[in-house]
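Here's entry_15.txt, which has compact mmCIF, C-alpha atoms:
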# COMPACT_ATOMS: atom_id res chain seq x y z
CA MET A 403 0.00 0.00 0.00
CA PHE A 404 1.12 3.54 -0.57
CA ASP A 405 1.62 5.53 2.56
CA GLY A 406 0.07 8.96 2.89
CA GLY A 407 3.09 10.68 1.41
CA MET A 408 2.91 8.68 -1.76
CA THR A 409 -0.81 9.20 -2.09
CA MET A 410 -0.29 12.93 -1.79
CA CYS A 411 2.56 12.83 -4.30
CA PHE A 412 0.45 11.21 -6.97
CA HIS A 413 -3.03 12.53 -6.36
CA THR A 414 -3.47 15.31 -3.80
CA VAL A 415 -2.29 18.15 -5.99
CA ASN A 416 -3.69 21.63 -5.42
CA CYS A 417 -5.27 22.03 -8.82
CA PRO A 418 -8.59 21.30 -10.48
CA GLN A 419 -9.09 17.82 -11.88
CA ILE A 420 -7.80 17.55 -15.43
CA ILE A 421 -10.62 16.26 -17.62
CA GLY A 422 -11.26 15.91 -21.30
CA ASN A 423 -13.34 19.07 -21.62
CA ILE A 424 -10.57 21.66 -21.55
CA SER A 425 -12.86 24.66 -21.90
CA LYS A 426 -15.05 23.55 -19.02
CA ASN A 427 -12.03 22.81 -16.87
CA ARG A 428 -10.48 26.18 -17.64
CA ARG A 429 -13.68 27.94 -16.56
CA ARG A 430 -13.70 25.98 -13.30
CA SER A 431 -10.04 26.85 -12.71
CA ARG A 432 -10.75 30.55 -13.03
CA THR A 433 -13.55 30.44 -10.47
CA LYS A 434 -11.14 29.07 -7.86
CA LEU A 435 -8.45 31.70 -8.36
CA ASN A 436 -7.96 34.59 -6.00
CA PRO A 437 -9.11 37.79 -7.78
CA CYS A 438 -5.66 39.27 -7.20
CA PHE A 439 -3.90 36.26 -8.67
CA ALA A 440 -3.00 36.11 -12.34
CA VAL A 441 -0.95 33.52 -14.15
CA LYS A 442 1.62 35.15 -16.37
CA MET A 443 2.59 33.03 -19.31
CA CYS A 444 3.84 33.42 -22.82
CA SER A 445 2.55 31.39 -25.72
CA ILE A 446 4.32 31.43 -29.05
CA LEU A 447 2.92 30.12 -32.32
CA LEU A 448 5.83 28.77 -34.30
CA GLN A 449 6.23 27.37 -37.76
CA SER A 450 9.11 25.44 -39.26
CA ASP A 451 10.01 23.84 -42.53
CA GLU A 452 10.61 20.10 -42.94
CA SER A 453 14.22 20.37 -41.77
CA GLY A 454 13.21 22.01 -38.51
CA ASN A 455 14.30 25.55 -39.45
CA LEU A 456 12.32 28.46 -38.13
CA SER A 457 10.20 30.54 -40.46
CA GLU A 458 7.92 33.42 -39.61
CA SER A 459 6.60 33.38 -36.05
CA LYS A 460 3.74 35.13 -34.45
CA LYS A 461 3.28 35.95 -30.81
CA ILE A 462 -0.27 35.06 -29.76
CA SER A 463 -0.36 36.29 -26.19
CA SER A 464 -0.18 39.85 -24.94
CA SER A 465 0.50 38.73 -21.35
CA CYS A 466 4.13 37.69 -21.91
CA SER A 467 6.54 38.43 -19.12
CA PRO A 468 8.80 41.39 -19.98
CA GLN A 469 11.75 39.07 -19.33
CA VAL A 470 10.83 37.06 -22.43
CA LYS A 471 12.34 38.93 -25.34
CA PRO A 472 12.62 37.80 -28.94
CA GLN A 473 16.22 37.62 -30.09
CA ALA A 474 17.77 38.06 -33.47
CA GLN A 475 17.70 35.35 -36.10
CA ASN A 476 16.45 31.97 -34.86
CA SER A 477 16.17 32.23 -31.07
CA LEU A 478 12.80 33.58 -29.93
CA LEU A 479 13.02 33.26 -26.15
CA SER A 480 15.84 34.37 -23.88
CA GLN A 481 14.85 32.84 -20.55
CA ALA A 482 17.20 30.06 -19.50
CA ASN A 483 14.39 27.85 -18.21
CA THR A 484 12.21 27.85 -21.34
CA VAL A 485 10.63 24.44 -21.94
CA GLY A 486 10.28 23.13 -25.49
CA ILE A 487 7.27 20.84 -25.91
CA ILE A 488 6.77 18.42 -28.80
CA GLY A 489 3.02 17.88 -29.05
CA GLY A 490 1.50 14.51 -28.27
CA VAL A 491 -0.77 12.11 -30.12
CA SER A 492 -3.54 14.71 -30.03
CA VAL A 493 -3.85 18.42 -29.43
CA LEU A 494 -6.08 17.67 -26.45
CA SER A 495 -3.44 15.59 -24.68
CA THR A 496 -0.92 18.37 -25.25
CA LEU A 497 -3.30 20.94 -23.79
CA ILE A 498 -3.90 18.77 -20.72
CA PHE A 499 -0.15 18.57 -20.10
CA LEU A 500 0.19 22.33 -20.61
CA GLU A 501 -2.59 22.96 -18.12
CA LYS A 502 -0.72 20.93 -15.51
CA LEU A 503 2.57 22.66 -16.32
CA VAL A 504 1.08 26.15 -16.07
CA TRP A 505 -1.16 25.56 -13.05
CA TRP A 506 1.32 23.63 -10.93
CA SER A 507 4.23 25.97 -11.65
CA SER A 508 2.21 29.06 -10.67
CA ARG A 509 0.30 27.80 -7.62
CA LYS A 510 2.08 30.20 -5.26
CA GLY A 511 1.47 33.26 -7.39
CA GLU A 512 4.69 32.87 -9.33
CA GLU A 513 5.01 33.24 -13.06
CA SER A 514 4.40 30.01 -14.87
CA VAL A 515 7.26 28.18 -16.53
CA PRO A 516 7.93 29.72 -19.99
CA PHE A 517 7.37 27.30 -22.84
CA VAL A 518 7.31 26.89 -26.60
CA VAL A 519 4.96 24.30 -28.14
CA CYS A 520 5.31 22.60 -31.50
CA SER A 521 2.02 20.83 -32.18
CA ASP A 522 1.61 19.41 -35.67
CA PRO A 523 -1.85 18.02 -36.57
CA SER A 524 -0.38 16.33 -39.64
CA ILE A 525 1.52 13.87 -37.47
CA ASP A 526 -1.35 13.20 -35.05
CA GLY A 527 -2.95 10.70 -37.42
CA ALA A 528 0.30 8.79 -37.86
CA LEU A 529 0.84 8.57 -34.11
CA ALA A 530 -2.79 7.61 -33.57
CA SER A 531 -2.44 4.73 -36.03
CA GLN A 532 0.46 3.43 -33.98
CA ALA A 533 -1.80 3.50 -30.93
CA SER A 534 -4.91 2.02 -32.52
CA ILE A 535 -6.56 -0.54 -30.26
CA HIS A 536 -8.07 -2.20 -33.33
CA SER A 537 -4.74 -3.03 -35.00
CA SER A 538 -4.06 -6.71 -35.47
CA PHE A 539 -0.73 -8.12 -34.34
CA ASP A 540 0.47 -8.12 -37.97
CA GLU A 541 -0.64 -4.51 -38.42
CA THR A 542 1.08 -3.51 -35.19
CA ALA A 543 4.30 -5.13 -36.34
CA GLN A 544 4.03 -3.27 -39.65
CA ASN A 545 3.47 0.01 -37.81
CA GLU A 546 6.56 -0.57 -35.73
CA ALA A 547 8.59 -1.33 -38.84
CA ASN A 548 7.41 1.81 -40.62
CA HIS A 549 7.91 4.37 -37.88
CA GLU A 550 11.06 5.92 -39.42
CA ALA A 551 9.11 8.75 -41.04
CA ILE A 552 7.48 9.61 -37.71
CA VAL A 553 10.83 9.61 -35.93
CA ARG A 554 12.34 11.83 -38.63
CA ASN A 555 9.43 14.27 -38.30
CA LEU A 556 9.73 14.39 -34.51
CA ARG A 557 13.49 14.88 -34.75
CA HIS A 558 12.92 17.90 -37.00
CA LYS A 559 10.56 19.32 -34.40
CA ARG A 560 13.16 18.81 -31.71
CA VAL A 561 15.73 20.75 -33.76
CA PHE A 562 13.10 23.42 -34.39
CA LEU A 563 12.52 23.85 -30.63
CA GLU A 564 16.26 24.02 -29.97
CA GLN A 565 16.49 26.86 -32.50
CA SER A 566 13.48 28.62 -30.98
CA GLY A 567 15.30 29.20 -27.70
CA ALA A 568 14.10 26.22 -25.63
CA SER A 569 16.49 25.07 -22.91
CA CYS A 570 15.00 21.61 -22.40
CA ILE A 571 12.72 19.32 -24.40
CA VAL A 572 9.75 17.20 -23.33
CA MET A 573 7.30 14.98 -25.23
CA PRO A 574 3.98 14.53 -23.38
CA CYS A 575 3.13 11.46 -25.45
CA HIS A 576 3.31 7.79 -24.45
CA ILE A 577 3.88 6.66 -28.04
CA SER A 578 6.60 9.15 -29.01
CA ASN A 579 8.69 8.32 -25.97
CA ALA A 580 9.11 4.76 -27.24
CA TRP A 581 11.49 6.32 -29.82
CA HIS A 582 13.10 8.76 -27.40
CA GLN A 583 16.64 7.56 -28.07
CA GLN A 584 16.31 8.07 -31.82
CA ILE A 585 14.57 11.43 -31.53
CA SER A 586 17.09 12.77 -29.01
CA GLU A 587 20.14 11.72 -31.03
CA GLY A 588 22.45 14.71 -31.33
CA CYS A 589 20.37 16.85 -28.97
CA SER A 590 22.45 19.36 -27.00
CA LEU A 591 19.71 20.04 -24.43
CA PRO A 592 18.26 18.09 -21.50
CA PHE A 593 15.57 15.88 -23.06
CA PHE A 594 13.25 14.30 -20.51
CA HIS A 595 12.11 10.72 -20.98
CA ILE A 596 8.67 10.16 -19.48
CA GLY A 597 9.58 6.64 -18.38
CA GLU A 598 12.70 7.87 -16.61
CA CYS A 599 10.70 10.52 -14.75
CA VAL A 600 8.21 7.85 -13.61
CA ALA A 601 10.98 5.44 -12.60
CA LYS A 602 12.78 8.07 -10.57
CA GLU A 603 9.65 9.05 -8.63
CA LEU A 604 8.91 5.41 -7.86
CA LYS A 605 12.51 4.82 -6.80
CA GLU A 606 12.37 7.79 -4.45
CA ALA A 607 9.17 6.39 -2.93
CA LYS A 608 11.19 3.44 -1.52
CA LEU A 609 8.43 0.92 -2.23
CA LYS A 610 8.66 -2.51 -0.62
CA PRO A 611 7.99 -5.68 -2.64
CA HIS A 612 4.84 -7.60 -1.77
CA GLY A 613 6.61 -10.92 -2.20
CA THR A 614 9.56 -12.01 -0.06
CA GLY A 615 12.86 -11.84 -1.90
CA SER A 616 11.34 -10.40 -5.09
CA ASN A 617 11.77 -7.04 -6.83
CA VAL A 618 9.14 -4.34 -6.58
CA ARG A 619 6.64 -5.02 -9.36
CA ILE A 620 5.13 -2.20 -11.41
CA GLY A 621 2.10 -2.81 -13.63
CA VAL A 622 1.64 -0.98 -16.93
CA LEU A 623 -1.74 -0.61 -18.62
CA ALA A 624 -1.70 0.78 -22.15
CA ALA A 625 -4.02 0.67 -25.13
CA THR A 626 -1.16 -0.79 -27.17
CA GLU A 627 1.00 -3.13 -25.14
CA THR A 628 3.86 -3.35 -27.63
CA ILE A 629 4.49 0.37 -28.23
CA ALA A 630 3.31 2.50 -25.32
CA ALA A 631 4.59 0.06 -22.69
CA ALA A 632 8.02 0.22 -24.29
CA SER A 633 8.33 3.81 -23.02
CA TYR A 634 8.43 2.45 -19.48
CA GLN A 635 9.84 -1.08 -19.51
CA ASP A 636 13.53 -0.28 -19.99
CA GLN A 637 13.53 2.74 -17.69
CA LEU A 638 11.76 0.89 -14.89
CA GLY A 639 14.04 -2.11 -15.38
CA ASN A 640 17.10 0.14 -15.08
CA GLN A 641 15.88 1.15 -11.62
CA GLY A 642 15.48 -2.47 -10.53
CA PHE A 643 11.72 -2.75 -10.96
CA GLU A 644 9.98 -5.75 -12.48
CA VAL A 645 7.45 -4.67 -15.11
CA VAL A 646 4.15 -6.58 -15.29
CA LEU A 647 1.96 -6.24 -18.39
CA PRO A 648 -1.59 -7.51 -18.86
CA ASP A 649 -1.83 -10.84 -20.64
CA LYS A 650 -3.51 -11.23 -24.03
CA ALA A 651 -6.84 -12.28 -22.50
CA THR A 652 -6.93 -9.21 -20.26
CA MET A 653 -6.14 -6.95 -23.20
CA GLU A 654 -8.74 -8.48 -25.53
CA HIS A 655 -11.59 -9.08 -23.08
CA ILE A 656 -11.17 -6.33 -20.49
CA LEU A 657 -8.91 -3.41 -21.37
CA ILE A 658 -9.82 -2.90 -25.04
CA PRO A 659 -13.58 -3.30 -24.31
CA ALA A 660 -13.15 -0.68 -21.56
CA ILE A 661 -11.85 1.84 -24.08
CA GLU A 662 -14.52 0.86 -26.59
CA SER A 663 -17.20 1.39 -23.91
CA LEU A 664 -15.79 4.83 -23.21
CA ASN A 665 -15.93 5.70 -26.92
CA LYS A 666 -19.60 4.66 -26.88
CA ARG A 667 -20.16 6.95 -23.86
CA ASP A 668 -20.82 3.98 -21.61
CA THR A 669 -18.91 5.51 -18.71
CA GLU A 670 -20.10 3.03 -16.10
CA GLY A 671 -19.17 0.07 -18.27
CA ALA A 672 -15.72 1.55 -18.93
CA ARG A 673 -15.18 2.13 -15.20
CA ASN A 674 -16.12 -1.40 -14.23
CA LEU A 675 -13.87 -2.95 -16.86
CA LEU A 676 -10.92 -0.71 -15.97
CA ARG A 677 -11.35 -1.61 -12.30
CA ILE A 678 -11.12 -5.29 -13.26
CA ALA A 679 -7.98 -4.69 -15.35
CA ILE A 680 -6.32 -2.89 -12.43
CA GLN A 681 -7.34 -5.62 -10.00
CA VAL A 682 -5.90 -8.30 -12.29
CA LEU A 683 -2.49 -6.62 -12.03
CA LEU A 684 -2.82 -6.05 -8.29
CA ILE A 685 -3.50 -9.75 -7.81
CA ARG A 686 -0.14 -10.32 -9.52
CA ALA A 687 1.50 -8.45 -6.61
CA VAL A 688 2.25 -5.13 -8.32
CA ASN A 689 2.77 -2.10 -6.09
CA VAL A 690 1.68 0.53 -8.60
CA VAL A 691 -0.26 0.49 -11.87
CA ILE A 692 0.89 3.01 -14.47
CA LEU A 693 -1.98 4.20 -16.66
CA ALA A 694 0.09 4.64 -19.82
CA SER A 695 -2.65 5.72 -22.20
CA ASP A 696 -4.60 8.95 -22.58
CA GLU A 697 -7.82 6.94 -22.94
CA LEU A 698 -7.42 5.46 -19.46
CA GLN A 699 -7.10 8.78 -17.66
CA ASN A 700 -10.11 10.15 -15.78
CA ILE A 701 -12.30 7.11 -16.42
CA LEU A 702 -12.45 6.39 -12.70
CA PRO A 703 -13.98 9.01 -10.38
CA ARG A 704 -11.43 10.94 -8.39
CA GLU A 705 -12.52 9.40 -5.09
CA ASP A 706 -12.14 5.82 -6.33
CA PRO A 707 -9.77 4.01 -3.90
CA LEU A 708 -8.10 2.15 -6.77
CA LEU A 709 -6.56 5.43 -7.94
CA LYS A 710 -4.32 5.34 -4.87
CA LYS A 711 -2.61 2.42 -6.58
CA CYS A 712 -2.36 4.15 -9.97
CA MET A 713 -0.05 6.74 -11.47
CA ASP A 714 -0.47 9.14 -14.40
CA PRO A 715 2.94 9.39 -16.13
CA MET A 716 2.16 12.90 -17.37
CA ASP A 717 2.06 14.06 -13.75
CA ALA A 718 5.61 12.77 -13.22
CA LEU A 719 6.78 14.45 -16.44
CA ALA A 720 5.18 17.77 -15.44
CA ARG A 721 6.67 17.63 -11.92
CA SER A 722 10.15 16.83 -13.26
CA THR A 723 9.92 19.64 -15.82
CA ILE A 724 8.82 22.19 -13.22
CA LYS A 725 11.54 21.07 -10.80
CA TRP A 726 14.15 21.52 -13.51
CA ALA A 727 12.83 24.96 -14.43
CA LYS A 728 12.62 26.14 -10.82
CA THR A 729 15.91 24.83 -9.41
CA GLY A 730 18.47 26.25 -11.80
CA LYS A 731 19.50 23.01 -13.54
CA GLN A 732 19.42 24.65 -16.94
CA GLY A 733 23.11 24.12 -17.61
CA MET A 734 22.89 20.32 -17.57
CA GLN A 735 23.34 18.58 -20.91
CA LYS A 736 21.56 15.31 -20.25
CA ASN A 737 18.28 13.92 -18.96
CA THR A 738 17.62 15.46 -15.58
CA CYS A 739 14.59 13.60 -14.26
Kindly transcribe the structure held in the file into structure tokens.
Amino acid sequence: MFDGGMTMCFHTVNCPQIIGNISKNRRRSRTKLNPCFAVKMCSILLQSDESGNLSESKKISSSCSPQVKPQAQNSLLSQANTVGIIGGVSVLSTLIFLEKLVWWSSRKGEESVPFVVCSDPSIDGALASQASIHSSFDETAQNEANHEAIVRNLRHKRVFLEQSGASCIVMPCHISNAWHQQISEGCSLPFFHIGECVAKELKEAKLKPHGTGSNVRIGVLAATETIAAASYQDQLGNQGFEVVLPDKATMEHILIPAIESLNKRDTEGARNLLRIAIQVLLIRAVNVVILASDELQNILPREDPLLKKCMDPMDALARSTIKWAKTGKQGMQKNTC
């Protein structure tokens, strides 16, 4: 069981619940703010060509901090803690991560972490096809074999963010992080790996194995076992954890039907099936279940006791990013989770 500290680390965060309806959530966030409190942030709309070079850029926010000043030629931002964000499998998932980054970094009335986002709708479909729950095993293997174009595209975006003035890079996407090593090749900036951020938080929690003489076991639930889970397996293994994945029967008869029920707006059916999938892993003596898929987030109600055994990787990525931006680690040239 998690102790109280771990429960607070993963779930009791002083911010509104992040849900799919961004507009509704943003309205609710504003109603909870002190009238004297204002989040200062700078959003930049950037465009690049296929090689990642900057073209014309347009500032889309008039509330930028005066410390953020466009520079000559390629660099747009001068702050040493600017975060470069490569958009995820959908614009919505990127916005959810941004909401966490902005809200959590400005909870005490501070300015939010400065950031630059590169979100490309043209690649969303390609990433989504890699994550399709309806792909056969042959189709999944073909997707994995043909991911070079996606990696090349994401690498161009990484170069683009480096040129824009970013001082670190993050990818709030379970699928993209499976190719982190290839995308980060040649990168001169800290480039956070979501799996490494998760593994470090779990390591710091000093979890105890449920079985005598065994390693701590961490469960991973993802819509696509072969791709999304790969973002976590190696990183967790490097920290001494044993990774437990759902078996084929659980995937086909429980987890995938849960996502399909959600798509049909059968919320109660999706909740019941997800609870079963989590319990199946808990029976296999896992300490924590990582919900490594956007579809699995916010299915269960916030007060559900099973969530105390679950972890949202995007939370770990956001916390690591904010810690880096707030603690002056900008000079480091490697992953800093």
Please list as a short mmCIF file (atom, residue, chain, number, x, y, z; two decimals) with C-alpha atoms, keeping the file's coordinate frame every residue within 9 Å of Trp581 in chain A, counting all atoms listed in the file and excluding residues in the same chain fewer than 6 positions away.
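Now in result04.cif:
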data_model
loop_
_atom_site.label_atom_id
_atom_site.label_comp_id
_atom_site.auth_asym_id
_atom_site.auth_seq_id
_atom_site.Cartn_x
_atom_site.Cartn_y
_atom_site.Cartn_z
CA VAL A 553 10.83 9.61 -35.93
CA ALA A 632 8.02 0.22 -24.29
CA SER A 633 8.33 3.81 -23.02
#
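Taking CA of Ile629 in chain A and CA of Phe517 in chain A as endpoints, the distance between them is 27.6 Å.
Between CA of Ser695 in chain A and CA of Ala624 in chain A lies a distance of 5.0 Å.
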A:Ala727, A:Ala551, A:Leu676, A:Ile685 ranked by distance to Gly486 in chain A, top pick (using only C-alpha atoms): A:Ala727
Surrounding residues of Leu623 in chain A excluding itself and chain neighbours under 6 positions, 12 Å, all atoms listed in the file, as a PyMOL selection string: chain A and resi 576+629-635+645-649+652-653+656-658+660-661+676-684+688+690-699+712-715
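Shortest atom-to-atom contact with Asp717 in chain A among A:Glu564, A:Pro574, A:Ile701, A:Cys520: A:Pro574, counting all atoms listed in the file.
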Protein/DNA/RNA residues near (11.5, 11.0, -29.6), cut 6 Å, only C-alpha atoms, as a PyMOL selection string: chain A and resi 578-579+581-582+585-586
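CA of Ser492 in chain A is positioned 29.7 Å from CA of Gly511 in chain A.
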Exercise: Ile487 in chain A partners within 10 Å, only C-alpha atoms, chain neighbours under 2 positions left out, as an NGL selection string: :A and (484-485 or 489-490 or 496 or 499-500 or 517-521 or 559-560 or 563 or 568 or 570-574)
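Restricting the calculation to only C-alpha atoms, the smallest distance between Gly597 in chain A and any of A:Asn700, A:Gly567, A:Ala718, A:Thr723 is found for A:Ala718.
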